[in-house]
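Trainee: Let me give you the structure first, and then I'll get to my questions.
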Amino acid sequence: MKSVLSERKTFHPSELERRELPPEAGAAVRALANEIAVTVGPSQAIATTLGDPTLLDHIDTRYIELPEAVHQAMRAPGTVAGVTVIGQLPLSDAELGQTPVDWRQAAAWAGDPGRASSSFALDITMLLLARCAGEPFGWEGQQGGRLVNNIVPTPGHEQEQSGASSTVLLCPHTEDAFHPGRANLLMLGCLRNPNRVGTTVSSVRRVELDAAQRNLLSVRRLPILPDVSYGTDFPRDPAPPVATLGDDDGQLTLRFDPAYTPLDTADHEYRAAYDHLATELERVCITAALGPGELLLVDNDVVVHGRVPFTPRYDGTDRWLKRVNIRLPRRSRAATEAEENGYGQRVVTPFRTIDPR
């Protein structure tokens with residue numbers, strides 16, 4: 001099974017928790033980010049990973065200066081849907097420049113002081129907001145270890161199951177489901193979305209499963225492999241099996257990525273339970289079309305997300321999102337995950353030292 005969500009474009013804004021930033025609070029975030037950007041100064045060395053110690057020190061010491069409304073808006077989603085839309089940062093299309101064709105170009109442009117683009121300051125904006133929510137981190141094997149990822153349609157990647165795709169349905173999945181160090185929260189910030197391309201979100205806490213299905217899916221049965229954004233040069237043996245369903249104080253959690261799970265190797269009973277879960281995730285799906293300046297905060301332990309197909313133009317006006325992984329230090333996962341090697345993928349954790357497995 002490679003696709004579990006129909007290509008729906010139905011929008012359900014009433015089902016989404018929404019938090020509004022007062023205009024003065026949104027302006028304060030942008031102003032602080034711009035101040036830090038000017039102080040540090042954009043350069044290729046800084047913009048490549050955003051891991052420069054001086055830049056990180058500014059973020060880590062100054063995010064507390066942001067208005068309380070910002071800190072309140074960035075708390076973890078508070079409903080069973082496990083997702084929150086946060087609006088709205090002040091942002092004009094003119095300040096963005098062209099949508100880059102891939103993440104490498106985006107990073108290069110952010111480090112070019114000669115370009116009339118505010119992407120570097122927007123990267124800092126995303127890190128300030130993510131720091132209010134928890135501990136931002138990156139991956140050594142993804143987008144060069146950059147702490148803020150750029151999600152843009154990329155020529156030649158239209159049909160793959162990754163954020164660089166476009167014309168194919170991006171199947172609902174747990175972000176970095178293959179790794180025990182995956183994010184607790186995922187933050188998506190919209191810079192440009194002219195065709196209102198929808199991001200799909202489905203909460204496991206809204207699905208209906210019987211006891212037998214829950215028991216089957218709570219057993220470590222199949223592995224989840226890294227997605228193509230990490231390349232193909234990773235150890236595959238042993239590939240540790242993981243549980244699809246988990247438990248957090250009596251509440252379901254989810255670890256789900258059908259496009260990178262070898263379901264053909266499972267028995268009929270297990271596949272039937274997995275298929276039922278996939279159908280339920282489709283039934284409870286909510287589709288959010290972010291506008292410029294809006295953020296989507298996703299509980300990655302509870303919610304799977306994806307994207308409806310769209311046709312890219314590659315003319316500099318395509319959809320452009322920023323993505324940040326966030327760790328919540330007080331949230332724990334099953335102790336059995338500590339046995340996993342994460343296929344050798346290492347996390348970049350500049351704000352706090354944690355176990356990188």
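Labels for the structure tokens follow display order: chains A, B, ..., residues from 1 in each chain, ligands from 1.
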Excluding Ala239 of chain A and its own-chain neighbours fewer than 4 positions away, which residues fall within 10 Å of it when counting only C-alpha atoms? Please give them as a ChimeraX atom specification.
Mentor: /A:178,222-225,235,340-343
Trainee: For the selection just defined, write its residues with C-alpha atoms to a file, as a PDB file, in the first residue's frame.
Mentor:
```
ATOM      1  CA  PHE A 178      12.038   5.826  11.141  1.00  0.00           C
ATOM      2  CA  LEU A 222       7.683  -4.012  10.743  1.00  0.00           C
ATOM      3  CA  PRO A 223      10.494  -1.493  10.252  1.00  0.00           C
ATOM      4  CA  ILE A 224      10.089   2.014   8.848  1.00  0.00           C
ATOM      5  CA  LEU A 225      12.874   3.062   6.470  1.00  0.00           C
ATOM      6  CA  PRO A 235      22.692   0.794   6.987  1.00  0.00           C
ATOM      7  CA  GLU A 340      16.979   1.544  17.732  1.00  0.00           C
ATOM      8  CA  ASN A 341      19.980   2.842  15.820  1.00  0.00           C
ATOM      9  CA  GLY A 342      18.073   5.327  13.646  1.00  0.00           C
ATOM     10  CA  TYR A 343      19.889   3.980  10.556  1.00  0.00           C
TER      11      TYR A 343
END
```
Trainee: Within 6 Å of segment 295-299 of chain A, which residues of segment 22-105 of chain A come that close, and what is the closest atom pair and distance in Å for each? Count only C-alpha atoms and give it as a Markdown table.
Mentor:
```
| residue | atom | partner | partner_atom | distance |
| --- | --- | --- | --- | --- |
| A:Gly82 | CA | A:Asp299 | CA | 5.3 |
| A:Val83 | CA | A:Val298 | CA | 4.6 |
| A:Thr84 | CA | A:Leu297 | CA | 5.2 |
| A:Val85 | CA | A:Leu296 | CA | 4.7 |
| A:Ile86 | CA | A:Leu295 | CA | 5.0 |
```
Trainee: Just N, CA and C atoms for this one: save the residues we selected as a PDB file, in the first residue's frame.
Mentor:
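Output (result.pdb):
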```pdb
ATOM      1  N   GLY A  82      -4.876  17.629  17.557  1.00  0.00           N
ATOM      2  CA  GLY A  82      -3.423  17.636  17.607  1.00  0.00           C
ATOM      3  C   GLY A  82      -2.736  18.598  16.661  1.00  0.00           C
ATOM      4  N   VAL A  83      -3.444  19.614  16.199  1.00  0.00           N
ATOM      5  CA  VAL A  83      -2.863  20.557  15.242  1.00  0.00           C
ATOM      6  C   VAL A  83      -3.460  21.943  15.472  1.00  0.00           C
ATOM      7  N   THR A  84      -2.638  22.965  15.258  1.00  0.00           N
ATOM      8  CA  THR A  84      -3.065  24.341  15.475  1.00  0.00           C
ATOM      9  C   THR A  84      -2.566  25.211  14.337  1.00  0.00           C
ATOM     10  N   VAL A  85      -3.420  26.088  13.848  1.00  0.00           N
ATOM     11  CA  VAL A  85      -3.023  27.129  12.910  1.00  0.00           C
ATOM     12  C   VAL A  85      -2.798  28.413  13.704  1.00  0.00           C
ATOM     13  N   ILE A  86      -1.672  29.043  13.466  1.00  0.00           N
ATOM     14  CA  ILE A  86      -1.318  30.277  14.176  1.00  0.00           C
ATOM     15  C   ILE A  86      -1.193  31.395  13.156  1.00  0.00           C
TER      16      ILE A  86
END
```
Trainee: A:Asn300, A:Thr317, A:Thr336, A:Ser202: which is nearest Pro240 of chain A, counting only C-alpha atoms?
Mentor: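 Going through A:Asn300, A:Thr317, A:Thr336, A:Ser202 one by one, the smallest distance to Pro240 of chain A is for A:Thr336.
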Trainee: How many Å lie between atom CA of Gly87 of chain A and atom CA of Glu17 of chain A, rounded to one decimal?
Mentor: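 One can read the atom CA of Gly87 of chain A to atom CA of Glu17 of chain A distance as 11.2 Å.
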Trainee: Leaving out Met187 of chain A and any residue of its chain fewer than 6 positions from it, which residues lie within 12 Å of it when counting only C-alpha atoms, given as a PyMOL selection string?
Mentor: chain A and resi 74-77+83-86+126-137+147-151+175+294-300+305+321-327
Trainee: Just asking: which residues within segment 96-329 of chain A are strand (DSSP E) according to DSSP, as number ranges by chain?
Mentor: A: 135-139, 149-151, 170-173, 185-192, 199-203, 245-248, 251-254, 286-288, 295-299, 303-307, 320-327
Trainee: Pick out the closest residue to Gly344 of chain A from this set: A:Asn215, A:Gly181, A:Asp264, A:Ala108. Count only C-alpha atoms.
Mentor: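 The shortest atom-to-atom distance to Gly344 of chain A comes from A:Gly181.
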Trainee: Would you compute the distance between atom CA of Pro309 of chain A and atom CA of Glu158 of chain A? Give it in Å to one decimal.
Mentor: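 Atom-to-atom, atom CA of Pro309 of chain A to atom CA of Glu158 of chain A, that is 9.5 Å.
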Trainee: Using only C-alpha atoms, pick whichever of A:Leu281, A:Ser43, A:Gln159, A:Gly78 has the shortest atom-to-atom distance to Gly114 of chain A.
Mentor: A:Ser43
Trainee: Show me, as a ChimeraX atom specification, the residues that have an atom within 12 Å of Asp176 of chain A when counting only C-alpha atoms, minus same-chain residues fewer than 6 positions from it.
Mentor: /A:138-139,141-142,162-163,182-186,224-230,255-257,260,300-301,304-305,325,342-343,345-347
Trainee: Selection from above, N, CA and C atoms, as a compact mmCIF listing (two decimals), in the first residue's frame, can you write it?
Mentor:
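Once everything was written out, this is again-v2.txt:
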```txt
# COMPACT_ATOMS: atom_id res chain seq x y z
N GLY A 138 17.89 19.91 13.88
CA GLY A 138 17.97 19.49 12.48
C GLY A 138 18.54 18.09 12.39
N TRP A 139 18.79 17.67 11.14
CA TRP A 139 19.35 16.35 10.86
C TRP A 139 20.59 16.50 10.00
N GLY A 141 21.76 14.42 7.98
CA GLY A 141 21.56 13.84 6.66
C GLY A 141 20.47 14.48 5.83
N GLN A 142 19.84 15.53 6.33
CA GLN A 142 18.73 16.15 5.60
C GLN A 142 18.99 17.64 5.42
N SER A 162 8.32 12.84 -0.82
CA SER A 162 9.14 13.74 -0.02
C SER A 162 8.56 15.14 -0.14
N GLY A 163 9.06 16.06 0.66
CA GLY A 163 8.58 17.43 0.61
C GLY A 163 8.89 18.14 -0.69
N ARG A 182 12.91 11.49 16.48
CA ARG A 182 12.04 12.36 15.67
C ARG A 182 11.40 13.46 16.53
N ALA A 183 10.90 14.47 15.84
CA ALA A 183 10.33 15.63 16.51
C ALA A 183 9.07 15.27 17.28
N ASN A 184 8.86 15.97 18.39
CA ASN A 184 7.56 15.94 19.07
C ASN A 184 6.58 16.88 18.40
N LEU A 185 7.08 18.04 17.98
CA LEU A 185 6.26 19.01 17.26
C LEU A 185 6.92 19.32 15.93
N LEU A 186 6.10 19.56 14.94
CA LEU A 186 6.56 19.98 13.63
C LEU A 186 5.92 21.33 13.34
N ILE A 224 10.36 0.86 9.70
CA ILE A 224 10.09 2.01 8.85
C ILE A 224 11.44 2.52 8.37
N LEU A 225 11.59 2.66 7.06
CA LEU A 225 12.87 3.06 6.47
C LEU A 225 12.95 4.58 6.33
N PRO A 226 14.17 5.14 6.30
CA PRO A 226 14.31 6.58 6.04
C PRO A 226 13.76 6.94 4.67
N ASP A 227 13.22 8.15 4.56
CA ASP A 227 12.69 8.57 3.26
C ASP A 227 13.81 9.07 2.36
N VAL A 228 13.46 9.34 1.11
CA VAL A 228 14.47 9.65 0.10
C VAL A 228 15.22 10.95 0.36
N SER A 229 14.68 11.82 1.21
CA SER A 229 15.39 13.07 1.49
C SER A 229 16.69 12.82 2.24
N TYR A 230 16.86 11.61 2.81
CA TYR A 230 18.09 11.25 3.50
C TYR A 230 19.05 10.49 2.59
N ARG A 255 3.00 6.12 15.00
CA ARG A 255 4.26 6.15 14.25
C ARG A 255 3.96 5.47 12.92
N PHE A 256 3.81 6.25 11.86
CA PHE A 256 3.12 5.77 10.66
C PHE A 256 3.74 6.38 9.42
N ASP A 257 4.18 5.54 8.51
CA ASP A 257 4.69 6.02 7.22
C ASP A 257 4.58 4.88 6.21
N TYR A 260 7.11 4.05 3.32
CA TYR A 260 8.44 3.54 3.65
C TYR A 260 8.37 2.36 4.63
N ASN A 300 3.56 15.73 16.38
CA ASN A 300 4.09 14.64 15.55
C ASN A 300 3.97 13.28 16.23
N ASP A 301 3.61 13.24 17.50
CA ASP A 301 3.38 11.97 18.19
C ASP A 301 1.95 11.49 18.04
N VAL A 304 -0.59 12.51 11.75
CA VAL A 304 0.13 12.34 10.49
C VAL A 304 -0.26 13.47 9.56
N HIS A 305 0.68 13.89 8.74
CA HIS A 305 0.40 15.00 7.82
C HIS A 305 0.84 14.60 6.41
N ASN A 325 11.84 21.23 13.02
CA ASN A 325 11.59 20.15 13.97
C ASN A 325 11.79 20.68 15.38
N GLY A 342 18.42 4.18 14.50
CA GLY A 342 18.07 5.33 13.65
C GLY A 342 18.77 5.31 12.30
N TYR A 343 19.22 4.13 11.86
CA TYR A 343 19.89 3.98 10.56
C TYR A 343 21.11 4.90 10.43
N GLN A 345 21.40 7.93 11.24
CA GLN A 345 21.09 9.35 11.07
C GLN A 345 21.23 10.08 12.41
N ARG A 346 21.93 11.22 12.37
CA ARG A 346 22.24 11.96 13.59
C ARG A 346 21.48 13.28 13.62
N VAL A 347 21.04 13.63 14.82
CA VAL A 347 20.35 14.91 14.97
C VAL A 347 21.35 16.02 15.29
```
Trainee: Separation of atom CA of Ala273 of chain A and atom CA of Leu216 of chain A, in Å?
Mentor: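 Atom CA of Ala273 of chain A sits 7.2 Å away from atom CA of Leu216 of chain A.
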Trainee: List the neighbours of Val168 of chain A out to 10 Å using only C-alpha atoms; skip same-chain residues closer than 3 positions along the sequence, and give me the result as a PyMOL selection string.
Mentor: chain A and resi 3+7+157-162+165+171+307-311
Trainee: Pick out each residue of segment 101-298 of chain A that DSSP on the backbone tags as helix (DSSP H, G or I); I need them as a PyMOL selection string.
Mentor: chain A and resi 103-110+119-133+143-145+204-206+211-217+228-230+258-260+263-265+268-283
Trainee: With C-alpha atoms retained, export the selected residues as a PDB file, in the first residue's frame.
Mentor:
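Dumped everything to part-v2.pdb:
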```pdb
ATOM      1  CA  TRP A 103      16.590  23.667  -0.760  1.00  0.00           C
ATOM      2  CA  ARG A 104      20.199  24.221  -1.831  1.00  0.00           C
ATOM      3  CA  GLN A 105      19.279  27.326  -3.792  1.00  0.00           C
ATOM      4  CA  ALA A 106      17.170  28.554  -0.884  1.00  0.00           C
ATOM      5  CA  ALA A 107      20.124  28.246   1.516  1.00  0.00           C
ATOM      6  CA  ALA A 108      22.484  29.902  -0.959  1.00  0.00           C
ATOM      7  CA  TRP A 109      20.140  32.837  -1.519  1.00  0.00           C
ATOM      8  CA  ALA A 110      19.634  33.302   2.233  1.00  0.00           C
ATOM      9  CA  SER A 119      14.790  34.675   3.653  1.00  0.00           C
ATOM     10  CA  PHE A 120      17.623  34.840   6.197  1.00  0.00           C
ATOM     11  CA  ALA A 121      15.580  37.029   8.543  1.00  0.00           C
ATOM     12  CA  LEU A 122      12.626  34.695   8.036  1.00  0.00           C
ATOM     13  CA  ASP A 123      14.808  31.724   8.983  1.00  0.00           C
ATOM     14  CA  ILE A 124      15.603  33.561  12.214  1.00  0.00           C
ATOM     15  CA  THR A 125      11.905  34.289  12.668  1.00  0.00           C
ATOM     16  CA  MET A 126      11.145  30.583  12.428  1.00  0.00           C
ATOM     17  CA  LEU A 127      13.860  29.703  14.946  1.00  0.00           C
ATOM     18  CA  LEU A 128      12.621  32.312  17.430  1.00  0.00           C
ATOM     19  CA  LEU A 129       9.082  30.954  17.196  1.00  0.00           C
ATOM     20  CA  ALA A 130      10.241  27.338  17.420  1.00  0.00           C
ATOM     21  CA  ARG A 131      12.369  28.199  20.462  1.00  0.00           C
ATOM     22  CA  CYS A 132       9.246  29.536  22.153  1.00  0.00           C
ATOM     23  CA  ALA A 133       7.653  26.122  21.580  1.00  0.00           C
ATOM     24  CA  GLN A 143      19.153  19.489   3.816  1.00  0.00           C
ATOM     25  CA  GLY A 144      22.777  19.627   4.913  1.00  0.00           C
ATOM     26  CA  GLY A 145      21.981  19.729   8.629  1.00  0.00           C
ATOM     27  CA  VAL A 204      -4.930   8.988  15.736  1.00  0.00           C
ATOM     28  CA  ARG A 205      -7.010  10.104  18.703  1.00  0.00           C
ATOM     29  CA  ARG A 206     -10.023  10.553  16.449  1.00  0.00           C
ATOM     30  CA  ALA A 211      -9.256  -4.049  20.738  1.00  0.00           C
ATOM     31  CA  ALA A 212      -7.803  -6.667  18.396  1.00  0.00           C
ATOM     32  CA  GLN A 213      -6.638  -4.034  15.906  1.00  0.00           C
ATOM     33  CA  ARG A 214      -5.070  -1.946  18.655  1.00  0.00           C
ATOM     34  CA  ASN A 215      -3.254  -4.968  20.038  1.00  0.00           C
ATOM     35  CA  LEU A 216      -1.892  -5.987  16.634  1.00  0.00           C
ATOM     36  CA  LEU A 217      -0.668  -2.499  15.790  1.00  0.00           C
ATOM     37  CA  VAL A 228      14.474   9.650   0.098  1.00  0.00           C
ATOM     38  CA  SER A 229      15.394  13.065   1.489  1.00  0.00           C
ATOM     39  CA  TYR A 230      18.089  11.247   3.495  1.00  0.00           C
ATOM     40  CA  PRO A 258       3.167   3.526   4.760  1.00  0.00           C
ATOM     41  CA  ALA A 259       5.284   4.688   1.817  1.00  0.00           C
ATOM     42  CA  TYR A 260       8.438   3.536   3.645  1.00  0.00           C
ATOM     43  CA  LEU A 263       3.852  -3.981   4.381  1.00  0.00           C
ATOM     44  CA  ASP A 264       4.118  -6.808   1.842  1.00  0.00           C
ATOM     45  CA  THR A 265       6.127  -8.798   4.368  1.00  0.00           C
ATOM     46  CA  HIS A 268      -2.903 -10.799   6.247  1.00  0.00           C
ATOM     47  CA  GLU A 269      -4.257 -10.079   9.727  1.00  0.00           C
ATOM     48  CA  TYR A 270      -1.702  -7.360  10.389  1.00  0.00           C
ATOM     49  CA  ARG A 271      -2.149  -5.761   6.965  1.00  0.00           C
ATOM     50  CA  ALA A 272      -5.916  -5.707   7.483  1.00  0.00           C
ATOM     51  CA  ALA A 273      -5.499  -3.860  10.781  1.00  0.00           C
ATOM     52  CA  TYR A 274      -3.036  -1.432   9.174  1.00  0.00           C
ATOM     53  CA  ASP A 275      -5.379  -0.840   6.243  1.00  0.00           C
ATOM     54  CA  HIS A 276      -8.234  -0.148   8.633  1.00  0.00           C
ATOM     55  CA  LEU A 277      -6.126   2.404  10.481  1.00  0.00           C
ATOM     56  CA  ALA A 278      -5.257   4.066   7.161  1.00  0.00           C
ATOM     57  CA  THR A 279      -8.932   4.230   6.227  1.00  0.00           C
ATOM     58  CA  GLU A 280      -9.772   5.763   9.581  1.00  0.00           C
ATOM     59  CA  LEU A 281      -7.033   8.365   9.190  1.00  0.00           C
ATOM     60  CA  GLU A 282      -8.596   9.300   5.867  1.00  0.00           C
ATOM     61  CA  ARG A 283     -12.031   9.537   7.467  1.00  0.00           C
TER      62      ARG A 283
END
```
